[in-house]
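**Student:** My file is my_file_2.txt. It has compact mmCIF, C-alpha atoms:
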# COMPACT_ATOMS: atom_id res chain seq x y z
CA MET A 11 48.71 118.57 96.97
CA ASN A 12 51.70 120.88 97.40
CA ALA A 13 55.33 119.96 98.12
CA HIS A 14 54.82 120.29 101.88
CA ASP A 15 51.84 117.91 101.82
CA GLU A 16 53.85 115.52 99.69
CA GLU A 17 56.71 115.44 102.19
CA GLN A 18 54.26 115.02 105.05
CA MET A 19 52.59 112.06 103.31
CA LYS A 20 56.00 110.49 102.69
CA GLU A 21 56.81 110.78 106.38
CA VAL A 22 53.48 109.26 107.46
CA LEU A 23 54.01 106.43 104.99
CA ARG A 24 57.55 105.74 106.25
CA GLN A 25 56.27 105.57 109.80
CA ALA A 26 53.40 103.26 108.87
CA LEU A 27 55.58 100.95 106.80
CA PRO A 28 59.23 101.10 107.86
CA PRO A 29 61.89 99.85 105.43
CA VAL A 30 62.45 96.11 105.23
CA GLU A 31 65.89 94.68 106.00
CA GLY A 32 66.58 92.39 103.06
CA GLY A 33 70.33 92.05 103.49
CA ASP A 34 70.26 88.75 105.36
CA GLY A 35 69.20 86.83 102.30
CA PRO A 36 66.63 84.05 102.14
CA GLY A 37 66.15 81.85 105.19
CA ARG A 38 66.97 78.69 103.23
CA ASP A 39 68.98 77.60 100.22
CA LEU A 40 66.70 78.21 97.25
CA TRP A 41 68.67 76.12 94.74
CA PRO A 42 66.79 72.83 95.54
CA ALA A 43 63.49 74.69 95.00
CA MET A 44 64.89 76.08 91.75
CA LEU A 45 65.79 72.58 90.55
CA ARG A 46 62.33 71.29 91.45
CA ARG A 47 60.76 74.16 89.51
CA MET A 48 62.92 73.48 86.46
CA ASP A 49 62.12 69.74 86.57
CA ALA A 50 58.41 70.42 86.93
CA GLU A 51 58.39 72.87 84.02
CA SER A 52 60.39 70.62 81.72
CA GLY A 53 58.07 67.69 82.59
CA ALA A 54 55.04 69.85 81.90
CA ALA A 55 56.54 71.01 78.60
CA GLN A 56 57.13 67.40 77.57
CA SER A 57 53.61 66.37 78.49
CA ARG A 58 52.25 69.39 76.60
CA GLY A 59 54.25 68.20 73.56
CA TRP A 60 52.85 64.68 73.79
CA ALA A 61 49.30 65.95 74.29
CA TRP A 62 49.61 67.99 71.09
CA PHE A 63 51.07 65.04 69.20
CA ASP A 64 48.38 62.67 70.52
CA GLY A 65 45.64 65.12 69.54
CA ALA A 66 47.04 65.49 66.02
CA LEU A 67 47.30 61.71 65.62
CA LEU A 68 43.75 61.21 66.84
CA ALA A 69 42.42 63.93 64.51
CA GLY A 70 44.26 62.32 61.60
CA MET A 71 42.75 58.92 62.35
CA VAL A 72 39.25 60.37 62.72
CA GLY A 73 39.67 62.24 59.43
CA PHE A 74 40.91 59.10 57.74
CA GLY A 75 37.90 57.18 59.10
CA VAL A 76 35.46 59.82 57.84
CA PHE A 77 36.89 59.97 54.32
CA PHE A 78 37.69 56.25 53.98
CA PRO A 79 35.16 54.39 56.13
CA ALA A 80 35.79 51.18 54.27
CA ALA A 81 39.36 51.18 55.58
CA ILE A 82 38.25 51.03 59.25
CA PRO A 83 37.86 47.21 59.41
CA VAL A 84 41.26 46.83 57.74
CA LEU A 85 42.85 49.20 60.29
CA LEU A 86 41.16 47.39 63.17
CA PHE A 87 42.36 44.07 61.82
CA TYR A 88 45.98 45.26 61.87
CA LEU A 89 45.79 47.04 65.24
CA MET B 29 88.16 87.57 87.63
CA GLN B 30 86.50 90.03 85.28
CA ASN B 31 87.11 87.65 82.38
CA GLY B 32 85.69 84.78 84.43
CA ALA B 33 82.49 86.75 85.12
CA SER B 34 82.25 87.75 81.48
CA ASP B 35 82.71 84.12 80.42
CA VAL B 36 79.88 83.04 82.68
CA LEU B 37 77.59 85.69 81.17
CA ASN B 38 78.54 84.70 77.61
CA GLN B 39 78.04 81.01 78.39
CA PHE B 40 74.65 81.81 79.87
CA ARG B 41 73.69 83.78 76.77
CA GLN B 42 74.78 81.38 74.06
CA GLY B 43 76.63 78.37 75.41
CA SER B 44 75.76 74.73 74.87
CA PRO B 45 72.77 73.50 76.95
CA GLU B 46 75.18 72.08 79.55
CA ALA B 47 77.17 75.33 79.66
CA VAL B 48 73.98 77.36 80.04
CA GLU B 49 72.92 75.19 82.99
CA ALA B 50 76.35 75.52 84.63
CA ALA B 51 76.40 79.29 84.10
CA PHE B 52 72.87 79.58 85.42
CA GLU B 53 73.82 77.77 88.62
CA THR B 54 76.77 80.11 89.08
CA LEU B 55 74.62 83.20 88.47
CA PHE B 56 71.95 81.87 90.81
CA SER B 57 74.41 81.42 93.66
CA GLN B 58 75.97 84.82 93.01
CA HIS B 59 72.75 86.82 92.72
CA GLN B 60 70.02 85.01 94.66
CA ARG B 61 70.67 87.09 97.77
CA ALA B 62 70.40 90.40 95.92
CA VAL B 63 67.33 89.33 93.96
CA TYR B 64 65.67 88.06 97.14
CA GLY B 65 66.44 91.31 98.96
CA TRP B 66 65.01 93.38 96.12
CA ILE B 67 61.81 91.32 95.94
CA LEU B 68 61.43 91.37 99.73
CA ARG B 69 61.51 95.16 99.66
CA ILE B 70 58.57 95.11 97.25
CA VAL B 71 56.37 92.36 98.68
CA ARG B 72 57.41 92.71 102.37
CA ASN B 73 56.74 89.02 102.96
CA PRO B 74 59.77 86.67 103.38
CA ALA B 75 57.97 83.46 102.34
CA ALA B 76 56.53 85.10 99.22
CA ALA B 77 59.91 86.68 98.47
CA GLU B 78 61.55 83.23 98.51
CA ASP B 79 58.95 81.81 96.12
CA LEU B 80 59.22 84.86 93.89
CA THR B 81 63.01 84.59 93.82
CA VAL B 82 62.63 81.11 92.37
CA GLU B 83 59.98 82.40 89.95
CA ALA B 84 62.22 85.29 88.88
CA PHE B 85 65.19 82.98 88.27
CA TRP B 86 62.94 80.63 86.32
CA ARG B 87 61.96 83.56 84.07
CA ILE B 88 65.64 84.49 83.82
CA HIS B 89 66.50 80.95 82.77
CA ARG B 90 63.77 80.89 80.12
CA ALA B 91 64.89 84.25 78.73
CA HIS B 92 68.63 83.48 78.66
CA ALA B 93 68.81 83.81 74.86
CA ARG B 94 67.55 87.42 75.08
CA PHE B 95 70.14 88.41 77.70
CA GLN B 96 72.67 91.02 76.59
CA PRO B 97 75.93 90.43 78.50
CA SER B 98 77.08 93.99 77.74
CA GLN B 99 74.21 95.40 79.83
CA GLY B 100 75.14 93.40 82.92
CA PHE B 101 73.24 90.70 84.74
CA GLU B 102 72.17 92.49 87.90
CA GLY B 103 70.00 95.16 86.30
CA TRP B 104 68.41 92.66 83.95
CA ALA B 105 67.68 90.26 86.81
CA ARG B 106 66.27 93.10 88.86
CA ARG B 107 63.86 94.08 86.07
CA ILE B 108 62.62 90.51 85.76
CA ALA B 109 62.33 90.21 89.55
CA THR B 110 60.37 93.47 89.70
CA ARG B 111 57.96 92.18 87.06
CA ALA B 112 57.47 88.91 88.97
CA ALA B 113 56.80 90.87 92.18
CA LEU B 114 54.38 93.16 90.37
CA ASP B 115 52.46 90.16 89.01
CA TRP B 116 52.27 88.82 92.55
CA LEU B 117 50.97 92.13 93.91
CA ARG B 118 48.33 92.26 91.16
CA ALA B 119 47.14 88.74 92.00
CA ARG B 120 46.83 89.39 95.72
CA HIS B 121 43.93 90.73 97.74
CA VAL B 122 44.59 93.91 99.67
CA GLU B 123 43.70 92.60 103.11
CA SER B 124 45.93 89.55 102.83
CA GLU B 125 49.00 91.62 102.02
CA LEU B 126 49.34 92.83 105.56
CA THR B 127 50.75 89.94 107.55
CA THR B 128 50.29 89.59 111.29
CA GLU B 129 53.89 90.69 111.84
CA MET B 130 53.35 93.78 109.71
CA LEU B 131 50.19 94.71 111.62
CA ALA B 132 52.05 94.28 114.93
CA GLU B 133 54.85 96.44 113.58
CA VAL B 134 52.39 99.08 112.43
CA ALA B 135 50.59 99.11 115.77
CA ALA B 136 53.81 99.50 117.79
CA PRO B 137 54.49 103.01 119.14
CA SER B 138 56.49 105.18 116.78
CA LYS B 139 59.84 106.52 117.93
CA ASP B 140 59.87 109.24 115.30
CA ASP B 141 56.65 111.11 115.81
CA PRO B 142 54.30 110.32 118.71
CA ALA B 143 51.59 112.40 117.00
CA VAL B 144 51.31 109.73 114.34
CA THR B 145 49.20 107.27 116.29
CA ALA B 146 48.93 103.54 115.84
CA GLU B 147 45.50 104.05 114.26
CA ILE B 148 46.88 106.45 111.66
CA ARG B 149 49.73 104.08 110.86
CA LEU B 150 47.38 101.13 110.54
CA LYS B 151 44.94 103.02 108.32
CA THR B 152 47.83 104.35 106.25
CA ALA B 153 49.20 100.83 105.77
CA LEU B 154 45.77 99.52 104.76
CA ALA B 155 45.13 102.44 102.42
CA PHE B 156 48.56 101.95 100.89
CA GLY B 157 47.67 98.32 100.24
CA ARG B 158 44.61 99.46 98.30
CA LEU B 159 46.63 101.53 95.84
CA PRO B 160 47.10 100.22 92.29
CA PRO B 161 50.16 97.91 92.33
CA LYS B 162 52.14 99.91 89.79
CA LEU B 163 51.83 103.06 91.93
CA ARG B 164 52.48 101.12 95.13
CA ILE B 165 55.64 99.50 93.81
CA ALA B 166 57.15 102.88 92.82
CA ALA B 167 56.28 104.43 96.18
CA THR B 168 57.49 101.38 98.11
CA LEU B 169 60.89 101.34 96.47
CA ALA B 170 61.51 105.08 96.30
CA VAL B 171 59.78 106.45 99.42
CA ILE B 172 59.74 103.60 101.95
CA GLU B 173 62.92 101.80 100.92
CA GLY B 174 64.77 104.95 99.87
CA GLN B 175 66.07 103.50 96.61
CA PRO B 176 67.41 106.05 94.11
CA GLN B 177 64.71 106.99 91.60
CA LYS B 178 67.07 106.15 88.75
CA GLU B 179 67.34 102.55 89.99
CA VAL B 180 63.59 102.32 90.52
CA ALA B 181 63.05 103.58 86.98
CA ALA B 182 65.48 101.02 85.57
CA ALA B 183 63.82 98.19 87.51
CA LEU B 184 60.36 99.22 86.34
CA GLY B 185 61.49 99.88 82.76
CA ILE B 186 60.19 103.47 82.82
CA SER B 187 61.73 106.96 82.93
CA VAL B 188 62.69 108.80 86.12
CA ALA B 189 59.97 111.36 85.30
CA ALA B 190 57.41 108.56 85.16
CA VAL B 191 58.60 107.30 88.56
CA LYS B 192 58.09 110.79 90.01
CA VAL B 193 54.59 110.92 88.55
CA ARG B 194 53.72 107.51 90.00
CA ILE B 195 55.00 108.50 93.43
CA PHE B 196 53.03 111.73 93.34
CA ARG B 197 49.84 109.93 92.26
CA ALA B 198 50.34 107.28 94.94
CA LEU B 199 50.73 109.90 97.67
CA ARG B 200 47.77 111.92 96.41
CA LEU B 201 45.50 108.85 96.30
CA LEU B 202 46.73 107.81 99.73
CA ARG B 203 45.95 111.23 101.13
CA LYS B 204 42.46 111.20 99.61
CA ASP B 205 41.79 107.73 100.99
CA LEU B 206 42.91 108.80 104.46
CA GLU B 207 40.80 111.94 104.27
CA LYS B 208 37.75 109.77 103.54
CA GLU B 209 38.53 107.93 106.78
CA GLY B 210 38.61 111.25 108.62
CA ILE B 211 42.39 111.41 108.88
CA THR B 212 44.21 114.52 107.73
CA PRO B 213 47.94 113.84 107.83
Just give me the structure of the file as structure tokens.
**Tutor:**
Amino acid sequence: MNAHDEEQMKEVLRQALPPVEGGDGPGRDLWPAMLRRMDAESGAAQSRGWAWFDGALLAGMVGFGVFFPAAIPVLLFYL
Amino acid sequence: MQNGASDVLNQFRQGSPEAVEAAFETLFSQHQRAVYGWILRIVRNPAAAEDLTVEAFWRIHRAHARFQPSQGFEGWARRIATRAALDWLRARHVESELTTEMLAEVAAPSKDDPAVTAEIRLKTALAFGRLPPKLRIAATLAVIEGQPQKEVAAALGISVAAVKVRIFRALRLLRKDLEKEGITP
């Protein structure tokens, strides 16, 4: 493709897809959506933290039960 | 005024959590219009551009500790916004990228060159949508939107030479695709 073809393709492309006018800004205030996104992400991060902690606690208890099975009735008694 | 702007950037970079939030709100209100406009140029879909503006600012918020105030906020935000738009383009199917409004616009008679028929414009738009997103984004910004190649390079995080190569490859692939459809521009 030579320079002439390139210019021709550019022109065809510009005619097929004219430039977008983006100067008017968004049609609505995006700050409320931004706040919702931040709340959702911080909630998800917290729940991810708890899920990890819960998993570790459960694994610890299972491990304890495997290595010290005699302690299970004692644990159940105190729970 | 300059000091005020600089303070906001420094607070955003390394202030207390409350100061970061306050600075972020200020930066959001100052730059949301520009970021939205930039994303709209890439994705050509107002609803998606709004969602991606929020996504871009979320990424900006998460990355505040890596922000370098000396390099300015606008260019940094534009790079992040470009990446968010690129991710969106990669996740989308080609056919769904052309909205009804865009197809109507494409099919309307051209004022510039009557020889370029509605069919050619439609097929060109569809073929353009089939290009790899990283080529399409360079061609969209530089050729369709007429943005300076230096700015496109900065937004994409590549050199000006690489932008030129991507534009050339995009146009060559577009031409080949159109030739397959029996159209010789």
**Student:** Determine the nearest neighbour of Glu207 of chain B from the options A:Met19, A:Ala69, A:Leu85, A:Ala50, counting only C-alpha atoms.
**Tutor:**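 Of the candidates, the smallest distance to Glu207 of chain B is held by A:Met19.
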**Student:** Tell me which of B:Ala93, B:Leu68, B:Leu163, B:Leu184 sits closest to chain A, counting all atoms listed in the file.
**Tutor:**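 Comparing B:Ala93, B:Leu68, B:Leu163, B:Leu184 against chain A, the winner is B:Leu68.
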**Student:** Just the number, please: distance in Å from atom CA of Ala105 of chain B to atom CA of Glu49 of chain B, one decimal.
**Tutor:**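 Interatomic distance here is 16.4 Å.
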**Student:** I need the contact residues of chain A against chain B, so if you could list those with any atom within 12 Å, counting all atoms listed in the file, and return them as a PyMOL selection string, that would help.
**Tutor:** chain A and resi 11-52
**Student:** Please report the interatomic distance between atom CA of Ala166 of chain B and atom CA of Arg194 of chain B in Å with one decimal.
**Tutor:**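 Straight-line distance from atom CA of Ala166 of chain B to atom CA of Arg194 of chain B works out to 6.4 Å.
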**Student:** Build an axis-aligned box that encloses every atom of segment 33-48 of chain A listed in the file, pad it by 6 Å on each side, and report its centre and edge lengths in Å to one decimal, as lines of an AutoDock Vina configuration file.
**Tutor:**
center_x = 65.5
center_y = 81.7
center_z = 95.9
size_x = 21.6
size_y = 32.8
size_z = 30.9
**Student:** Just how far from atom CA of Phe95 of chain B is atom CA of Ile165 of chain B, in Å to one decimal?
**Tutor:**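 Taking atom CA of Ile165 of chain B as the start and atom CA of Phe95 of chain B as the end point, the length is 24.3 Å.
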**Student:** Restricting the calculation to all atoms listed in the file: of B:His92, B:Arg87, B:Arg111, B:Arg120, which residue gets closest to Pro160 of chain B?
**Tutor:**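 Ranking B:His92, B:Arg87, B:Arg111, B:Arg120 by distance to Pro160 of chain B, first place goes to B:Arg120.
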